[in-house]
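Undergrad: Mind looking over this structure? Questions follow.
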Amino acid sequence: MEFIFTHLLSLILFIPALTGLVIVFLPKDQIKLIRWTALLASLIPFAFSIVLWINFQPDVNGYQFVEKYSWYAAIGSSLHLGVDGLSLTMVLLTTLLTPLALLASFNISDRIKAYMMLFLFLETGMLGVFMAVDLLIFFVFWEIGLVPMYFLINQWGSANRNYASLKFMIYTMGGSLGLLLAIQLLGVLFGTFDLVVVTEKWNSASGLLLGFPIETVKAVIFWAFVVAFAIKVPVWPFHTWLPDAHTEAPTAGSMILAGVLLKLGAYGFLRLVLPLYPVQAEHYAGALAFLATAAIVFGAFAAYGQTDFKRLVAYSSVNHMGFVLLGIAAAAKAAGTLDATIALNGAVLQMFNHGLSAAGMFFLVGVIYERTHTRNLNDFGGLFPLVPVYGGILIFTSMASLGMPGLNGFISEFLVVRGSWPILTVYTAIAMLGLLFTGAYVLKGIKNVLHGPLNEQWAHGEHKLTEINTREIMVMVPLMALILIIGIWPAWILDVINKAMMALF
Amino acid sequence: MNFPVLSIVVFTPMVAAVLILLMPANKRNETRSLALAAATIALILSAWVYIQYLVNGMTGYQFVEEYTWLPALGMNLIFGVDGMSAPLVLLTGIVMFTGVCISWGIDDAHAPTGIQDRPREFFAFLFILASGVFGVFASLDLFMLFFFYEIAVFPMYLLIAIWGWVKTREYAAMKLTLYLFIGSVVALVGALALYYQAGFNSFDMRLLETANFSEAFQVKWFLPVFFGFAVLGGIWPFHNWSPDGHVAAPTAVSMFHAGVLMKLGAFAALRVGVMLLPQGAQHWSWLIMTCAGIAVVYGAFIAFVQPDLKYIIGFSSVSHMGLVMLGISTLNRNGLMGAGVQMFSHGVMTALFFAVVGMIYDRSHTRQIPELGGMIKPLPWAGIGFIIGGLVSMGMPGFSGFVAEFPIFMGVWGRQWLVAVIAAISIVITAAYIMLAIRKVFFAEMPANLEGHISPLTFLDKVAIGLLCSLMIGIGLFPSLMVPMVQTGVDNILRLLGGV
């Protein structure tokens with residue numbers, strides 16, 4: 001017991017990867033065994049993160065459950081793990097979504113061993129980013145996560161997967177090149193990658209660096225960081241990899257991609273960009289807000305224009321993640337004020353909420369795709385009477401995405417807008433108009449699938465549409481429950497987030 | 001420590017080569033078993049040296065053995081390893097062992113794999129080559145270093161010209177040998193200049209390190225010495241022999257060639273050029289950095305457009321060896337340490353690459369990427385090996401390539417930030433061509449003419465792939481398995497550089 005409590009973070013971090021290694025040795029034809037091993041093993045980190053959540057003390061500043069192991073002593077990097085309220089929320093999201101995604105993958109039987117392994121490695125990669133308190137470790141996990149995701153899209157994706165997976169890989173690697181170089185420079189300057197030390201020293205650095213005034217260097221590196229994270233979020237105009245990757249990825253891959261991977265970018269903004277570059281962030285907050293607003297508005301328009309159901313949901317991610325960046329931009333502009341803290345609370349909660357609703361939406365698209373083998377919205381129509389339960393769940397989840405009061409999306413978007421309004425009034429106003437189109441595309445999706453004249457081919461014959469099954473409902477139940485709980489009583493999670501934001505900024 | 005482990009390591013392959021030549025020509029499997037046994041001994045002993053050095057936290061030159069050879073001229077047989085060379089001795093042992101493993105092959109008249117044509121002579125030459133390489137890494141005597149250097153180059157000619165790819169082997173063998181001989185002659189002239197200038201009447205490099213050559217002398221002689229050796233390291237613009245040589249060579253020789261021979265050049269350039277002429281190195285570091293920077297980016301771009309798998313790996317070697325040179329040119333702690341690790345990491349990685357490409361070529365008789373596909377099904381081990389090698393090659397964290405490249409870049413930041421920024425482009429280019437190659441060769445649909453013709457790998461093939469992969473992952477996850485040791489070697493170099 002003692003061991004578990006002192007090594008909670010490393011257990012959460014490495015159990016998925018170790019399970020992945022165990023799966024290598026399972027017999028190839030025991031499909032059920034492999035599935036259940038993966039699922040049950042991924043529930044352990046989830047259980048541990050609940051323990052983490054319960055034992056976490058929101059009132060204490062700084063990182064908790066800290067663990068530090070020597071890793072690359074020669075250049076001053078160590079495996080330094082820790083969580084604060086921000087990372088804790090993200091860890092919980094990741095460990096919650098991974099078992100659900102694995103459960104959603106139970107219909108996959110093609111090379112199930114490799115599939116489950118990659119998925120579990122992916123979980124370790126994502127968790128490592130959220131737990132890292134060392135810049136180099138952050139980068140290590142940031143990059144490692146790419147590999148399993150690439151192969152998941154490339155091997156289990158749909159028709160255009162080669163193009164989409166390579167685009168995803170090259171886009172992200174190219175984007176993180178600046179981040180890599182910047183981290184190297186920081187490492188050379190300070191001889192350590194420890195986040196706390198680097199932040200402190202970097203903010204008090206002055207004079208000349210590489211022959212340039214330090215402000216110039218900081219501004220350049222600021223943008224190197226911003227581009228790396230903006231691609232991941234993704235922020236307009238760096239979002240073009242996302243619709244392709246999402247559309248081609250297998251259902252569970254899309255769930256994790258939208259649910260967690262996009263959050264890595266936003267997390268990077270909060271964990272690294274704002275603390276390391278407060279001055280630059282304030283200076284360029286307007287530009288960030290512009291990009292955020294563009295993402296919100298264009299994302300909504302683009303989503304409305306889609307005829308592919310999955311692409312529609314993919315663009316909705318651009319739209320929703322725009323609110324996260326808007327909150328971040330507002331906080332950058334007026335760090336320390338009450339409005340900024342409200343905006344940040346909204347941004348972080350929006351990260352969590354979007355994780356739930358986007359994962360849910362992608363899963364629901366997957367459910368209907370598996371039965372009809374089409375994602376074309378024009379091929380559906382009037383399906384509600386055929387699949388009432390599925391229809392109900394789809395409407396519920398869509399409403400969360402739309403921002404219906406009483407569900408989680410409303411709380412976080414309202415907080416972002418409320419916090420940003422006094423700081424970035426014009427952008428916020430435009431973004432709120434963008435909300436209108438959010439409503440439009442969500443309703444378009446519902447209308448084309450569930451309502452209108454029934455497309456007869458799904459009503460009978462060999463293509464008769466079957467109702468959502470128990471396993472699939474089991475995937476949705478935890479998501480819907482959380483969507484509702486946060487919508488009605490957000491205090492339990494906002495308390496943790498709020499105290500972290502107060503401490504950080 | 002009286003057990004002469006290094007001389008056993010150096011001469012085991014030589015003795016084995018003689019014994020192999022004495023075997024009757026028709027005892028093919030016995031010949032191979034003998035070769036494998038000798039390679040295993042060399043591997044175990046070199047691993048023993050490495051582990052002893054690492055675990056006991058040794059510093060400086062260790063396992064030193066001295067034998068008089070031609071004392072009147074100051075030429076003696078002196079062996080010893082430091083933190084820089086011990087990993088390379090281990091690397092040679094690994095490449096030798098895996099090279100024998102994958103050359104065993106299947107002795108099938110219809111679909112032979114590995115080396116089935118005159119294996120006796122092949123292994124004999126290969127082992128002479130291996131002895132030469134071990135000798136260079138272990139020699140502390142400048143003359144002996146040259147002696148072994150030439151021993152390593154010469155069998156290469158025969159191995160490529162006789163067992164190489166029919167289309168280009170004569171051309172490539174000639175080109176390679178001429179390039180390397182010219183390089184080594186230039187370096188030899190420089191080395192003789194060192195010998196006379198120092199006036200110790202000794203080629204002992206430990207002694208020459210203390211010679212205090214005048215700065216003018218160092219500046220004048222650094223270039224021939226360094227670049228003479230660096231030709232073998234594939235430094236731009238003298239890299240031209242290397243991709244041709246890689247492509248024409250039979251698999252095990254390509255592994256040796258890219259895996260250890262290129263390190264021979266980089267290592268000798270470091271040991272003789274930088275360590276004996278430190279002020280010259282400081283004076284000319286900008287030139288090396290420029291050449292290396294060009295090699296890194298240029299090699300990656302050329303690799304990107306090659307349709308032949310072996311040319312891809314060949315040019316990627318130019319790019320990666322450019323990183324080694326880049327690390328050396330920084331002359332600071334991070335850069336040199338990264339260069340040391342990169343030599344090992346790249347050696348293991350390209351040995352793996354060439355092994356896998358050889359396995360595919362033996363079975364499909366083509367290396368043209370457009371003509372390949374779907375290899376993951378019949379050859380899963382080869383596929384996973386190639387993917388892991390690819391991830392190392394693109395510097396993915398968690399693999400040894402990252403552990404090596406990251407400090408190299410940090411070192412470059414400390415000297416000239418622009419070079420770091422430009423060289424970093426190669427990472428993305430590498431990712432692109434590796435991913436494209438993996439996708440086409442292993443996952444695309446298999447061409448109809450190959451269907452059913454791909455025989456499975458042998459047990460020894462899998463042993464080789466498994467060993468090479470686990471080394472790259474091991475060092476990637478636990479850098480401390482190698483880094484502290486390389487650091488002691490770097491400390492020694494920094495001391496000679498005057499604590500720069």
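Chain lettering (A, B, ...) mirrors the order of the structure tokens, residue numbering begins at 1 for each chain separately, and ligand numbering begins at 1 in order of display.
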Excluding same-chain residues fewer than 3 positions from Leu454 (chain A), what lies within 7 Å of it counting only C-alpha atoms, as a list in words?
TA: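 That gives Gly381, Gly382 and Leu383 of chain A.
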Undergrad: As a CSV table (one decimal) with C-alpha atoms, in the first residue's frame, please: every residue in region 157-322 of chain A that DSSP puts in strand (DSSP E).
TA:
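File produced: states-v4.csv:
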chain,number,residue,atom,x,y,z
A,208,LEU,CA,22.2,39.6,-24.7
A,209,LEU,CA,21.6,36.1,-25.8
A,212,PHE,CA,20.6,39.5,-29.8
A,213,PRO,CA,18.6,41.3,-27.1
Undergrad: Neighbouring residues of region 325-340 of chain B were defined as those with any atom within 8 Å, considering only C-alpha atoms; residues of the same chain fewer than 4 positions away were excluded. Please report them as a count of residues only.
TA: 35
Undergrad: Work out how far apart CA of Ile296 (chain A) and CA of Met90 (chain A) are and give it in Å to one decimal.
TA: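 About the pair CA of Ile296 (chain A) and CA of Met90 (chain A): they are 22.4 Å apart.
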Undergrad: Set the cut-off to 9 Å and count only C-alpha atoms: what are the residues of chain A that reach chain B? Output as a PyMOL selection string.
TA: chain A and resi 70-75+139-144+147+154-155+162+166+169-170+173-174+177-178+180-181+184-185+187-189+210
Undergrad: How far is it from CA of Tyr150 (chain A) to CA of Gly259 (chain A), in Å with one decimal?
TA: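 These atoms are spaced 16.3 Å apart.
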Undergrad: Using DSSP assignments from the backbone, pull out every residue in region 329-400 of chain A that falls under alpha helix (DSSP H) and give it to me as a CSV table (one decimal) with C-alpha atoms, in the first residue's frame.
TA:
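Output file selection-v6.csv follows:
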chain,number,residue,atom,x,y,z
A,329,ALA,CA,-5.6,34.7,-24.8
A,330,ALA,CA,-7.7,36.6,-22.4
A,331,ALA,CA,-5.7,35.3,-19.4
A,332,ALA,CA,-2.5,36.2,-21.2
A,333,LYS,CA,-3.7,39.7,-21.7
A,338,LEU,CA,-10.4,38.0,-11.7
A,339,ASP,CA,-11.6,38.0,-15.2
A,340,ALA,CA,-8.5,36.2,-16.4
A,341,THR,CA,-9.0,33.5,-13.8
A,342,ILE,CA,-12.6,33.0,-14.8
A,343,ALA,CA,-11.5,32.7,-18.4
A,344,LEU,CA,-8.9,30.2,-17.5
A,345,ASN,CA,-11.3,28.2,-15.4
A,346,GLY,CA,-13.5,28.1,-18.4
A,347,ALA,CA,-10.7,27.1,-20.7
A,348,VAL,CA,-9.6,24.2,-18.6
A,349,LEU,CA,-13.1,23.0,-18.0
A,350,GLN,CA,-13.8,23.4,-21.7
A,351,MET,CA,-10.8,21.1,-22.3
A,352,PHE,CA,-12.3,18.5,-20.1
A,353,ASN,CA,-15.8,18.9,-21.4
A,354,HIS,CA,-14.8,18.8,-25.0
A,355,GLY,CA,-12.9,15.7,-24.2
A,356,LEU,CA,-16.1,14.1,-23.1
A,357,SER,CA,-18.5,15.3,-25.7
A,358,ALA,CA,-16.1,15.0,-28.7
A,359,ALA,CA,-15.2,11.4,-27.7
A,360,GLY,CA,-18.9,10.7,-27.4
A,361,MET,CA,-19.7,12.3,-30.8
A,362,PHE,CA,-17.0,10.4,-32.6
A,363,PHE,CA,-18.1,7.2,-31.0
A,364,LEU,CA,-21.7,7.8,-32.1
A,365,VAL,CA,-20.5,8.5,-35.6
A,366,GLY,CA,-18.6,5.3,-35.5
A,367,VAL,CA,-21.6,3.3,-34.3
A,368,ILE,CA,-23.7,4.3,-37.3
A,369,TYR,CA,-20.8,4.0,-39.7
A,370,GLU,CA,-20.2,0.5,-38.6
A,371,ARG,CA,-23.8,-0.4,-39.5
A,372,THR,CA,-24.3,1.5,-42.7
A,388,PRO,CA,-34.8,5.5,-30.8
A,389,VAL,CA,-32.2,4.8,-28.2
A,390,TYR,CA,-29.3,5.7,-30.4
A,391,GLY,CA,-31.2,8.8,-31.5
A,392,GLY,CA,-31.8,9.9,-27.9
A,393,ILE,CA,-28.1,9.5,-27.0
A,394,LEU,CA,-27.1,11.3,-30.2
A,395,ILE,CA,-29.3,14.2,-29.3
A,396,PHE,CA,-28.1,14.3,-25.7
A,397,THR,CA,-24.5,14.4,-26.7
A,398,SER,CA,-25.1,16.9,-29.5
A,399,MET,CA,-26.8,19.2,-27.1
A,400,ALA,CA,-23.8,19.1,-24.8
Undergrad: Would you mind listing what lies within 9 Å of Ser49 (chain A) as a PyMOL selection string, with only C-alpha atoms counted and same-chain residues fewer than 2 positions away left out?
TA: chain A and resi 8-9+12+44-47+51-54+88+91-92+95-96
Undergrad: B:Ala42, B:Ile128, B:Asn76, B:Pro380: which is nearest Leu19 (chain B), counting only C-alpha atoms?
TA: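 With only C-alpha atoms as the atom set, the closest residue is B:Ile128.
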Undergrad: Excluding region 256-259 of chain B and any residue of its chain fewer than 3 positions from it, enumerate the residues within 9 Å of it, using only C-alpha atoms, and give them as number ranges by chain.
TA: B: 91-92, 95-96, 99, 126, 129-130, 156, 242, 245-246, 249, 251-253, 262-263, 314, 317, 343-344, 346-352, 354
Undergrad: With C-alpha atoms retained, write the just-selected residues as a tab-separated table (two decimals), in the first residue's frame.
TA:
chain	number	residue	atom	x	y	z
B	91	LEU	CA	29.77	-2.01	-31.53
B	92	THR	CA	32.28	-3.88	-33.67
B	95	VAL	CA	28.12	-5.94	-35.91
B	96	MET	CA	30.49	-8.84	-36.40
B	99	GLY	CA	26.81	-9.96	-39.62
B	126	LEU	CA	35.15	-10.41	-43.35
B	129	LEU	CA	38.31	-6.73	-41.86
B	130	ALA	CA	36.88	-7.11	-38.35
B	156	MET	CA	36.58	-4.34	-48.31
B	242	SER	CA	30.02	5.81	-49.46
B	245	GLY	CA	29.92	1.31	-51.67
B	246	HIS	CA	26.94	0.58	-49.42
B	249	ALA	CA	28.37	-4.43	-50.94
B	251	THR	CA	24.59	-7.39	-46.75
B	252	ALA	CA	27.05	-8.24	-44.00
B	253	VAL	CA	29.66	-6.00	-45.59
B	262	MET	CA	32.45	4.95	-41.13
B	263	LYS	CA	32.94	5.24	-37.38
B	314	GLY	CA	23.33	5.03	-47.70
B	317	SER	CA	24.18	7.45	-43.24
B	343	MET	CA	28.60	6.75	-33.38
B	344	PHE	CA	27.30	3.75	-31.45
B	346	HIS	CA	24.10	4.99	-35.79
B	347	GLY	CA	26.27	1.90	-36.04
B	348	VAL	CA	23.61	-0.31	-34.54
B	349	MET	CA	20.84	1.39	-36.48
B	350	THR	CA	22.34	1.13	-39.92
B	351	ALA	CA	23.56	-2.40	-39.27
B	352	LEU	CA	19.93	-3.21	-38.60
B	354	PHE	CA	21.16	-3.05	-43.99
Undergrad: So that I can check the surroundings of Ala205 (chain A), please list as a PyMOL selection string every protein, DNA and RNA residue that reaches within 12 Å of it, counting only C-alpha atoms and ignoring chain neighbours fewer than 4 positions away.
TA: chain A and resi 186+189-190+198-201+209+213-215+217-218+276-277
Undergrad: Using C-alpha atoms, can you export the residues from the last selection as a short mmCIF file (atom, residue, chain, number, x, y, z; two decimals), in the first residue's frame?
TA:
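This went into again_5.cif:
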data_model
loop_
_atom_site.label_atom_id
_atom_site.label_comp_id
_atom_site.auth_asym_id
_atom_site.auth_seq_id
_atom_site.Cartn_x
_atom_site.Cartn_y
_atom_site.Cartn_z
CA LEU A 186 16.93 26.54 -22.66
CA LEU A 189 21.43 28.13 -21.00
CA PHE A 190 20.49 26.70 -17.64
CA VAL A 198 13.86 26.95 -15.90
CA THR A 199 10.75 29.12 -15.50
CA GLU A 200 12.33 31.07 -12.71
CA LYS A 201 15.68 31.60 -14.40
CA LEU A 209 21.60 36.07 -25.84
CA PRO A 213 18.64 41.32 -27.09
CA ILE A 214 16.95 38.72 -24.93
CA GLU A 215 13.52 40.15 -25.68
CA VAL A 217 15.07 35.86 -28.66
CA LYS A 218 12.16 35.38 -26.30
CA LEU A 276 7.61 30.95 -19.56
CA TYR A 277 6.60 33.95 -21.66
#
Undergrad: Identify, on the basis of only C-alpha atoms, every residue whose closest approach to Phe63 (chain B) does not exceed 10 Å; exclude the query and any residue fewer than 6 positions from it along the same chain; express the result as a ChimeraX atom specification.
TA: /B:1-7,49,52-53,79-82,138
Undergrad: Write the residues of the preceding selection, restricted to N, CA and C atoms, as a short mmCIF file (atom, residue, chain, number, x, y, z; two decimals), in the first residue's frame.
TA:
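Produced file selection16.cif, reproduced below:
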data_model
loop_
_atom_site.label_atom_id
_atom_site.label_comp_id
_atom_site.auth_asym_id
_atom_site.auth_seq_id
_atom_site.Cartn_x
_atom_site.Cartn_y
_atom_site.Cartn_z
N MET B 1 44.91 -6.59 -13.65
CA MET B 1 44.24 -6.98 -14.90
C MET B 1 45.26 -7.53 -15.88
N ASN B 2 45.63 -8.76 -15.69
CA ASN B 2 46.67 -9.33 -16.55
C ASN B 2 46.12 -10.07 -17.75
N PHE B 3 44.84 -10.31 -17.72
CA PHE B 3 44.24 -11.03 -18.82
C PHE B 3 44.23 -10.14 -20.07
N PRO B 4 44.93 -10.53 -21.14
CA PRO B 4 45.07 -9.62 -22.30
C PRO B 4 43.81 -9.59 -23.15
N VAL B 5 42.74 -9.05 -22.58
CA VAL B 5 41.45 -9.17 -23.23
C VAL B 5 41.41 -8.45 -24.58
N LEU B 6 42.04 -7.27 -24.66
CA LEU B 6 41.94 -6.52 -25.91
C LEU B 6 42.67 -7.22 -27.05
N SER B 7 43.87 -7.76 -26.75
CA SER B 7 44.55 -8.42 -27.87
C SER B 7 43.79 -9.68 -28.30
N VAL B 49 34.53 -6.10 -21.74
CA VAL B 49 35.33 -4.87 -21.60
C VAL B 49 34.41 -3.69 -21.32
N GLN B 52 32.78 -3.94 -17.81
CA GLN B 52 33.77 -3.65 -16.77
C GLN B 52 34.01 -2.15 -16.67
N TYR B 53 34.19 -1.53 -17.83
CA TYR B 53 34.48 -0.10 -17.85
C TYR B 53 33.33 0.69 -17.24
N PHE B 79 47.66 -1.54 -26.83
CA PHE B 79 46.21 -1.55 -26.86
C PHE B 79 45.68 -0.89 -25.59
N GLY B 80 44.51 -0.33 -25.69
CA GLY B 80 43.84 0.24 -24.53
C GLY B 80 42.57 0.93 -25.00
N VAL B 81 41.59 1.02 -24.12
CA VAL B 81 40.35 1.71 -24.50
C VAL B 81 40.04 2.79 -23.49
N ASP B 82 39.38 3.84 -23.96
CA ASP B 82 38.84 4.83 -23.04
C ASP B 82 37.33 4.91 -23.27
N ALA B 138 41.15 -0.07 -30.69
CA ALA B 138 41.86 -0.41 -29.46
C ALA B 138 43.30 0.12 -29.45
#
